Amino acid sequence: MTDVPDYKRIDYRGFVFVVHSRYGMLLLHCTRKPKKGPHFQLPGGHVDDFEFEIAKEKFNKGHEILIEAAKMGSARELYEETGIDVRGQLERLAPVILKDNAQSGNGKIDLENMLDGKIYFNLNVTDDDFLTDGEKVECEGESNGIQSGIIGPMDANGKHLKLKISHEHSGFIFENNPLQSIEKIAKHSGGAGSAALRMAMNRGMKKEPSHNRQQQNAPRKISNSVKQNGNGRHPADLLKPHQNEKR
């Protein structure tokens with residue numbers, strides 16, 4: 001086993017750009033940090049030690065261990081914060097490529113989708129990944145079967161979609177303009193998520209033919225910035241172009 005991640009010393013974290021093709025990027029609203037004030041966050045958080053231990057049983061190479069552990073941690077945090085459950089579908093978490101030349105060695109592990117110890121994934125979702133109007137879930141002790149904490153978005157965008165929001169957050173929105181997403185998550189995690197999203201956008205633009213950029217009024221579209229998943233299928237774009245369509 002080579003270059004095992006030093007997870008006892010380094011605070012690795014995993015975050016997910018959750019994107020619905022119609023409604024945009026999922027952002028969680030946080031009001032529990034007085035110094036920052038109300039702000040939006042990406043789903044995600046700490047990768048726990050037990051996730052690295054599991055990953056070490058499956059892989060021998062350091063970067064593979066780190067990716068697998070980060071996927072598990074990201075999926076767990078996503079479930080805890082929103083109720084969206086891909087813990088048994090880790091292949092759906094596609095690394096968001098931020099840089100072309102990740103360099104590892106001398107005990108250091110770098111990933112193409114990592115920035116300052118934070119590892120980013122894209123998850124393309126559909127209505128089926130959410131609770132919807134009228135849907136009931138099993139909830140012990142509640143006769144109506146509706147579980148507390150299950151709410152819709154803070155505005156009318158995707159209003160029929162429900163999430164089981166954790167106590168850490170007060171609500172959620174979908175943002176279908178990536179530039180607005182960058183601004184809205186600027187206070188989260190020291191601005192790292194904003195920087196990562198901008199890097200992914202810029203990288204995608206550089207790889208698009210110039211006539212495509214003109215036609216699509218870049219930088220609204222991120223393309224070619226998401227790595228192929230384990231099944232060899234290229235995932236949908238991280239964000240679709242901003243659309244002023246009726247919902």
# chains A, B, ... in the order shown; residues from 1 in each chain; ligands from 1
>>> residues_around(residues="segment 171-185 of chain A", least_positions_apart="6", cutoff="6 Å", atoms="only C-alpha atoms", output="number ranges by chain")
A: 23-29, 40-41, 153-154, 194, 242
>>> residues_around(residues="Gly190 of chain A", least_positions_apart="2", cutoff="12 Å", atoms="only C-alpha atoms", output="list in words")
Lys36, Gln41, Leu115, Asp116, Lys118, Ile185, Ala186, Lys187, His188, Ala192, Gly193, Ser194, Ala195 and Ala196 of chain A
>>> closest_residue(among="A:Leu98, A:Cys30, A:Met201, A:Leu66", to="His169 of chain A", atoms="only C-alpha atoms")
A:Cys30
>>> select_by_dssp(residues="segment 155-203 of chain A", states="alpha helix (DSSP H)", output="list in words")
Pro178, Leu179, Gln180, Ser181, Ile182, Glu183, Lys184, Ala192, Gly193, Ser194, Ala195, Ala196, Leu197, Arg198, Met199, Ala200, Met201, Asn202 and Arg203 of chain A
>>> residues_around(residues="segment 52-54 of chain A", least_positions_apart="2", cutoff="10 Å", atoms="only C-alpha atoms", output="number ranges by chain")
A: 4-8, 47-50, 56-59, 65-70, 72-73
>>> atom_distance(atom1="atom CA of Gln103 of chain A", atom2="atom CA of Val19 of chain A")
28.7 Å
>>> atom_distance(atom1="atom CA of Lys33 of chain A", atom2="atom CA of Ser166 of chain A")
14.8 Å
>>> atom_distance(atom1="atom CA of Lys99 of chain A", atom2="atom CA of Gly191 of chain A")
17.5 Å
